[in-house]
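Colleague: Next comes the structure file final-v1.txt, holding compact mmCIF, N, CA and C atoms.
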# COMPACT_ATOMS: atom_id res chain seq x y z
N ASP R 1 7.54 12.47 -13.46
CA ASP R 1 6.77 11.23 -13.46
C ASP R 1 6.32 10.88 -12.04
N LEU R 2 7.19 11.07 -11.03
CA LEU R 2 6.82 10.77 -9.65
C LEU R 2 5.66 11.66 -9.21
N ALA R 3 5.73 12.94 -9.54
CA ALA R 3 4.66 13.86 -9.15
C ALA R 3 3.32 13.40 -9.72
N ARG R 4 3.31 12.93 -10.96
CA ARG R 4 2.08 12.45 -11.58
C ARG R 4 1.53 11.25 -10.83
N LYS R 5 2.42 10.36 -10.39
CA LYS R 5 1.99 9.15 -9.71
C LYS R 5 1.43 9.40 -8.31
N VAL R 6 1.94 10.40 -7.63
CA VAL R 6 1.53 10.61 -6.24
C VAL R 6 0.60 11.81 -6.03
N THR R 7 0.28 12.54 -7.10
CA THR R 7 -0.64 13.67 -6.97
C THR R 7 -2.07 13.17 -7.02
N PRO R 8 -2.87 13.45 -5.99
CA PRO R 8 -4.26 12.98 -5.96
C PRO R 8 -5.08 13.55 -7.11
N ASP R 9 -6.12 12.81 -7.49
CA ASP R 9 -7.01 13.27 -8.55
C ASP R 9 -8.30 13.85 -7.98
N PHE R 10 -8.24 14.29 -6.72
CA PHE R 10 -9.40 14.90 -6.08
C PHE R 10 -8.99 16.25 -5.50
N ALA R 11 -9.99 17.06 -5.18
CA ALA R 11 -9.73 18.41 -4.67
C ALA R 11 -9.00 18.36 -3.33
N PRO R 12 -8.13 19.34 -3.07
CA PRO R 12 -7.45 19.39 -1.78
C PRO R 12 -8.46 19.36 -0.63
N TYR R 13 -8.14 18.60 0.38
CA TYR R 13 -8.97 18.41 1.57
C TYR R 13 -10.29 17.70 1.27
N GLY R 14 -10.42 17.16 0.06
CA GLY R 14 -11.59 16.35 -0.26
C GLY R 14 -11.51 15.00 0.45
N LYS R 15 -10.31 14.60 0.78
CA LYS R 15 -10.05 13.38 1.54
C LYS R 15 -8.90 13.71 2.48
N ARG R 16 -8.52 12.73 3.29
CA ARG R 16 -7.38 12.97 4.19
C ARG R 16 -6.13 13.26 3.37
N ILE R 17 -5.37 14.23 3.79
CA ILE R 17 -4.14 14.57 3.08
C ILE R 17 -2.94 14.05 3.85
N ILE R 18 -1.83 13.90 3.15
CA ILE R 18 -0.58 13.49 3.79
C ILE R 18 0.09 14.73 4.35
N ARG R 19 0.35 14.71 5.62
CA ARG R 19 1.08 15.81 6.25
C ARG R 19 2.51 15.32 6.42
N ASP R 20 3.35 15.72 5.49
CA ASP R 20 4.70 15.19 5.41
C ASP R 20 5.70 16.07 6.16
N PRO R 21 6.29 15.54 7.23
CA PRO R 21 7.32 16.31 7.94
C PRO R 21 8.68 16.20 7.25
N GLY R 22 8.71 15.62 6.06
CA GLY R 22 9.96 15.56 5.31
C GLY R 22 10.42 14.18 4.92
N GLY R 23 9.78 13.14 5.41
CA GLY R 23 10.26 11.80 5.13
C GLY R 23 9.56 11.07 4.00
N TYR R 24 8.29 11.38 3.75
CA TYR R 24 7.50 10.63 2.77
C TYR R 24 8.07 10.75 1.37
N TYR R 25 8.17 11.97 0.87
CA TYR R 25 8.66 12.16 -0.50
C TYR R 25 10.13 11.79 -0.63
N ALA R 26 10.90 12.03 0.41
CA ALA R 26 12.32 11.63 0.38
C ALA R 26 12.44 10.12 0.25
N ALA R 27 11.59 9.38 0.94
CA ALA R 27 11.62 7.91 0.86
C ALA R 27 11.27 7.43 -0.54
N LEU R 28 10.35 8.11 -1.21
CA LEU R 28 9.93 7.69 -2.55
C LEU R 28 11.01 7.89 -3.60
N THR R 29 12.01 8.72 -3.30
CA THR R 29 13.06 8.99 -4.28
C THR R 29 14.34 8.19 -4.04
N ARG R 30 14.32 7.29 -3.07
CA ARG R 30 15.50 6.46 -2.81
C ARG R 30 15.75 5.51 -3.97
N ASP R 31 17.01 5.14 -4.15
CA ASP R 31 17.41 4.28 -5.27
C ASP R 31 16.69 2.93 -5.28
N HIS R 32 16.41 2.38 -4.13
CA HIS R 32 15.80 1.05 -4.07
C HIS R 32 14.27 1.08 -4.03
N VAL R 33 13.67 2.25 -4.27
CA VAL R 33 12.21 2.40 -4.21
C VAL R 33 11.67 2.70 -5.60
N ASP R 34 10.63 1.97 -5.99
CA ASP R 34 9.91 2.24 -7.23
C ASP R 34 8.45 2.50 -6.87
N VAL R 35 7.90 3.58 -7.40
CA VAL R 35 6.49 3.87 -7.20
C VAL R 35 5.75 3.39 -8.43
N GLU R 36 4.86 2.44 -8.25
CA GLU R 36 4.12 1.85 -9.36
C GLU R 36 2.67 2.31 -9.28
N ALA R 37 2.20 2.94 -10.33
CA ALA R 37 0.83 3.46 -10.33
C ALA R 37 -0.12 2.63 -11.19
N SER R 38 0.38 1.55 -11.78
CA SER R 38 -0.47 0.71 -12.61
C SER R 38 -1.47 -0.06 -11.77
N GLU R 39 -2.61 -0.32 -12.34
CA GLU R 39 -3.65 -1.07 -11.64
C GLU R 39 -3.29 -2.54 -11.59
N PRO R 40 -3.35 -3.15 -10.42
CA PRO R 40 -3.06 -4.59 -10.34
C PRO R 40 -4.25 -5.40 -10.84
N ALA R 41 -3.95 -6.49 -11.54
CA ALA R 41 -5.00 -7.40 -12.01
C ALA R 41 -5.05 -8.65 -11.16
N ALA R 42 -3.88 -9.04 -10.63
CA ALA R 42 -3.81 -10.27 -9.84
C ALA R 42 -2.63 -10.22 -8.90
N VAL R 43 -2.75 -10.96 -7.81
CA VAL R 43 -1.66 -11.14 -6.85
C VAL R 43 -1.24 -12.59 -6.93
N ASN R 44 0.08 -12.83 -7.00
CA ASN R 44 0.58 -14.20 -7.01
C ASN R 44 1.71 -14.33 -5.99
N ALA R 45 2.31 -15.50 -5.91
CA ALA R 45 3.34 -15.75 -4.90
C ALA R 45 4.55 -14.82 -5.05
N ALA R 46 4.82 -14.34 -6.25
CA ALA R 46 5.99 -13.50 -6.48
C ALA R 46 5.70 -12.01 -6.33
N GLY R 47 4.44 -11.61 -6.45
CA GLY R 47 4.11 -10.19 -6.38
C GLY R 47 2.77 -9.92 -7.02
N ILE R 48 2.74 -8.99 -7.99
CA ILE R 48 1.49 -8.67 -8.67
C ILE R 48 1.67 -8.72 -10.18
N VAL R 49 0.55 -8.90 -10.86
CA VAL R 49 0.49 -8.78 -12.32
C VAL R 49 -0.40 -7.57 -12.59
N THR R 50 0.08 -6.65 -13.41
CA THR R 50 -0.69 -5.45 -13.72
C THR R 50 -1.71 -5.75 -14.81
N VAL R 51 -2.66 -4.83 -15.01
CA VAL R 51 -3.68 -5.05 -16.03
C VAL R 51 -3.09 -5.13 -17.43
N ASP R 52 -1.90 -4.55 -17.62
CA ASP R 52 -1.26 -4.67 -18.93
C ASP R 52 -0.35 -5.89 -19.03
N GLY R 53 -0.42 -6.79 -18.03
CA GLY R 53 0.28 -8.08 -18.10
C GLY R 53 1.68 -8.11 -17.54
N ARG R 54 2.18 -7.02 -16.99
CA ARG R 54 3.53 -7.02 -16.43
C ARG R 54 3.55 -7.68 -15.07
N GLN R 55 4.54 -8.54 -14.84
CA GLN R 55 4.77 -9.14 -13.53
C GLN R 55 5.71 -8.22 -12.76
N ILE R 56 5.32 -7.83 -11.56
CA ILE R 56 6.18 -7.01 -10.70
C ILE R 56 6.46 -7.83 -9.45
N ASP R 57 7.71 -8.27 -9.30
CA ASP R 57 8.09 -9.06 -8.14
C ASP R 57 8.24 -8.15 -6.93
N LEU R 58 7.69 -8.59 -5.80
CA LEU R 58 7.66 -7.76 -4.60
C LEU R 58 8.04 -8.55 -3.37
N ASP R 59 8.63 -7.87 -2.41
CA ASP R 59 8.87 -8.45 -1.09
C ASP R 59 7.66 -8.22 -0.19
N VAL R 60 6.99 -7.08 -0.38
CA VAL R 60 5.88 -6.68 0.48
C VAL R 60 4.80 -6.02 -0.38
N ILE R 61 3.55 -6.31 -0.06
CA ILE R 61 2.43 -5.58 -0.65
C ILE R 61 1.76 -4.82 0.49
N VAL R 62 1.66 -3.51 0.34
CA VAL R 62 1.06 -2.68 1.38
C VAL R 62 -0.36 -2.32 0.94
N TYR R 63 -1.33 -2.71 1.74
CA TYR R 63 -2.72 -2.36 1.48
C TYR R 63 -2.98 -1.00 2.11
N ALA R 64 -2.79 0.05 1.34
CA ALA R 64 -2.91 1.41 1.86
C ALA R 64 -4.08 2.12 1.19
N THR R 65 -5.27 1.62 1.45
CA THR R 65 -6.45 2.15 0.78
C THR R 65 -7.10 3.30 1.52
N GLY R 66 -6.95 3.33 2.83
CA GLY R 66 -7.61 4.35 3.61
C GLY R 66 -9.04 4.02 3.96
N TYR R 67 -9.52 2.86 3.56
CA TYR R 67 -10.89 2.46 3.86
C TYR R 67 -10.97 1.77 5.21
N HIS R 68 -12.19 1.61 5.69
CA HIS R 68 -12.42 0.86 6.92
C HIS R 68 -12.00 -0.58 6.71
N LEU R 69 -11.30 -1.15 7.66
CA LEU R 69 -10.73 -2.48 7.50
C LEU R 69 -11.38 -3.52 8.40
N ASP R 70 -12.57 -3.25 8.89
CA ASP R 70 -13.24 -4.20 9.77
C ASP R 70 -13.39 -5.57 9.13
N PHE R 71 -13.59 -5.60 7.82
CA PHE R 71 -13.79 -6.88 7.14
C PHE R 71 -12.56 -7.77 7.22
N LEU R 72 -11.39 -7.20 7.49
CA LEU R 72 -10.17 -8.00 7.55
C LEU R 72 -10.12 -8.90 8.78
N SER R 73 -11.00 -8.66 9.73
CA SER R 73 -10.98 -9.49 10.94
C SER R 73 -11.29 -10.95 10.63
N THR R 74 -11.92 -11.21 9.50
CA THR R 74 -12.24 -12.59 9.12
C THR R 74 -11.20 -13.18 8.17
N VAL R 75 -10.20 -12.38 7.78
CA VAL R 75 -9.16 -12.84 6.87
C VAL R 75 -7.90 -13.13 7.67
N ASP R 76 -7.33 -14.30 7.50
CA ASP R 76 -6.14 -14.71 8.25
C ASP R 76 -4.88 -14.22 7.52
N ILE R 77 -4.42 -13.02 7.88
CA ILE R 77 -3.21 -12.44 7.29
C ILE R 77 -2.09 -12.59 8.29
N ARG R 78 -1.01 -13.24 7.85
CA ARG R 78 0.13 -13.49 8.73
C ARG R 78 1.39 -12.87 8.15
N GLY R 79 2.23 -12.40 9.05
CA GLY R 79 3.49 -11.80 8.65
C GLY R 79 4.66 -12.63 9.13
N ARG R 80 5.73 -11.96 9.46
CA ARG R 80 6.94 -12.64 9.92
C ARG R 80 6.65 -13.51 11.12
N GLU R 81 7.28 -14.67 11.14
CA GLU R 81 7.17 -15.61 12.25
C GLU R 81 5.73 -15.99 12.54
N GLY R 82 4.87 -15.91 11.52
CA GLY R 82 3.49 -16.33 11.67
C GLY R 82 2.61 -15.40 12.48
N ARG R 83 3.08 -14.18 12.74
CA ARG R 83 2.29 -13.23 13.53
C ARG R 83 1.03 -12.83 12.78
N LYS R 84 -0.11 -12.88 13.47
CA LYS R 84 -1.39 -12.54 12.87
C LYS R 84 -1.62 -11.03 12.90
N LEU R 85 -2.07 -10.49 11.77
CA LEU R 85 -2.34 -9.07 11.68
C LEU R 85 -3.44 -8.66 12.67
N THR R 86 -4.47 -9.49 12.82
CA THR R 86 -5.55 -9.14 13.75
C THR R 86 -5.06 -9.07 15.19
N GLU R 87 -4.06 -9.88 15.54
CA GLU R 87 -3.51 -9.82 16.90
C GLU R 87 -2.65 -8.57 17.08
N GLU R 88 -1.93 -8.19 16.03
CA GLU R 88 -1.10 -6.98 16.11
C GLU R 88 -1.98 -5.74 16.22
N TRP R 89 -3.07 -5.70 15.47
CA TRP R 89 -3.95 -4.55 15.46
C TRP R 89 -4.89 -4.52 16.65
N GLY R 90 -5.24 -5.68 17.18
CA GLY R 90 -6.21 -5.72 18.28
C GLY R 90 -7.59 -5.29 17.80
N ASP R 91 -8.23 -4.43 18.56
CA ASP R 91 -9.58 -3.98 18.23
C ASP R 91 -9.62 -2.81 17.25
N SER R 92 -8.45 -2.24 16.95
CA SER R 92 -8.45 -1.02 16.14
C SER R 92 -7.36 -1.06 15.08
N PRO R 93 -7.74 -1.32 13.79
CA PRO R 93 -6.75 -1.26 12.73
C PRO R 93 -6.10 0.12 12.69
N ARG R 94 -4.81 0.15 12.44
CA ARG R 94 -4.08 1.41 12.39
C ARG R 94 -2.85 1.25 11.50
N SER R 95 -2.29 2.36 11.12
CA SER R 95 -1.06 2.33 10.33
C SER R 95 0.09 2.81 11.17
Written as structure tokens, how would this file's structure read?

Modeller:
Amino acid sequence: DLARKVTPDFAPYGKRIIRDPGGYYAALTRDHVDVEASEPAAVNAAGIVTVDGRQIDLDVIVYATGYHLDFLSTVDIRGREGRKLTEEWGDSPRS
């Protein structure tokens, strides 16, 4: 089931690939980690609601789209202690 969730639906090297030195897949199999492949329909204070109506409570939502994030400069995203994402990233969004 995990392989189905994390296997891309595009040809190899059609997009950036994950070059895993051994930590990525190991992290996904930890007891406290769940990989959710359902499409989100809404975000609320507790987490997300999937298109099939399930509420998934979350501590963190990671926006890992791989797209250009320039548009986020106008969105006020704050993390711990009120730190602004735009200040952390500066002129260049990065992971």

Colleague: Between R:Asp76, R:Ala46, R:Tyr25, R:Leu85, which one has atoms that come closest to Ala3 of chain R, using only C-alpha atoms?

Modeller: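 Selected residue with least distance to Ala3 of chain R: R:Tyr25.
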
Colleague: Looking only at the backbone, which of the residues in chain R does DSSP tag as helix (DSSP H, G or I), as a VMD selection string?

Modeller: chain R and resid 2 to 6 24 to 28 70 to 74 80 to 82 85 to 89

Colleague: Anything within 10 Å of (-3.4, -6.4, -14.0): list those residues as a PyMOL selection string, counting only C-alpha atoms and sticking to the file's coordinates.

Modeller: chain R and resi 38-43+48-55

Colleague: For atom C of Val60 of chain R and atom N of Val33 of chain R, quote the distance in Å rounded to one decimal.

Modeller: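 Here the two named atoms are 12.7 Å from each other.
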
Colleague: Could you find all residues in chain R that DSSP calls strand (DSSP E) from the backbone, and write them as a PyMOL selection string?

Modeller: chain R and resi 40-44+47-50+55-57

Colleague: Determine, counting only C-alpha atoms, which protein, DNA and RNA residues have an atom within 12 Å of an atom of Asp59 of chain R; residues of the same chain fewer than 3 positions away are not included. Present the result as a PyMOL selection string.

Modeller: chain R and resi 33+44-48+56+62+79-80
